[in-house]
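Okay, structure first, notes after.
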Amino acid sequence: MQLSKQEIQHIAKLARLDLSEPELEKYGGQLSAVLDYIDQLKEVDVKGVEPTAQVTGLENVLREDEVKNWDKEEIELALKDAPARGGRFIKVKRVLE
């Protein structure tokens with residue numbers, strides 16, 4: 001699937017990439033090759049194959065959360081280098097508006 005120069009420029013703009021002319025040609029060719037490969041994959045017969053997102057058989061290992069109380073000395077040691085504190089907590093700048 002050969003992409004036009006305008007399509008490559010549009011994709012670069014969507015990805016917020018400022019590409020030079022040589023880069024447009026280079027990456028445009030590479031992207032076209034990837035899309036050609038994807039077209040080949042569309043031809044594979046997958047009837048009877050169950051969809052999966054995990055092919056290695058790995059599973060998450062979950063455990064119960066355990067609350068461990070610290071003594072006052074451990075808390076002070078952990079908080080001593082905090083730039084700002086509010087009681088037992090570290091104050092930070094707001095990250096969400």
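Order determines the names: the first chain of the structure tokens is A, the second B, and so forth; residues in each chain are numbered 1 upward, and ligands are numbered 1 upward as they are shown.
Every protein or nucleic acid residue with an atom no more than 10 Å from range 18-22 of chain A, counting only C-alpha atoms and leaving out same-chain residues fewer than 4 positions away, appears here: A:Lys5, A:Ile8, A:Gln9, A:Ala12, A:Lys13, A:Lys26, A:Tyr27, A:Gly28.
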For this session: Extract the full set of strand (DSSP E or B) residues from chain A according to DSSP on the backbone, and format it as number ranges by chain.
Result: A: 85-86, 89-90
For this session: Please identify all polymer residues within 8 Å of Ala33 in chain A, counting only C-alpha atoms, omitting same-chain residues fewer than 4 positions from it, and present them as a PyMOL selection string.
Result: chain A and resi 1+29+37
Exercise. Excluding same-chain residues fewer than 4 positions from Arg88 in chain A, what lies within 12 Å of it counting only C-alpha atoms, as number ranges by chain?
Worked result: A: 70-80, 82, 84
Problem set entry | Straight-line distance linking CA of Leu31 in chain A with CA of Ser4 in chain A, stated in Å to one decimal | 11.2 Å
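Taking CA of Gln30 in chain A as the reference point, CA of Val44 in chain A is found at 22.3 Å.
Interatomic distance, CA of His10 in chain A to CA of Asp39 in chain A: 21.1 Å.
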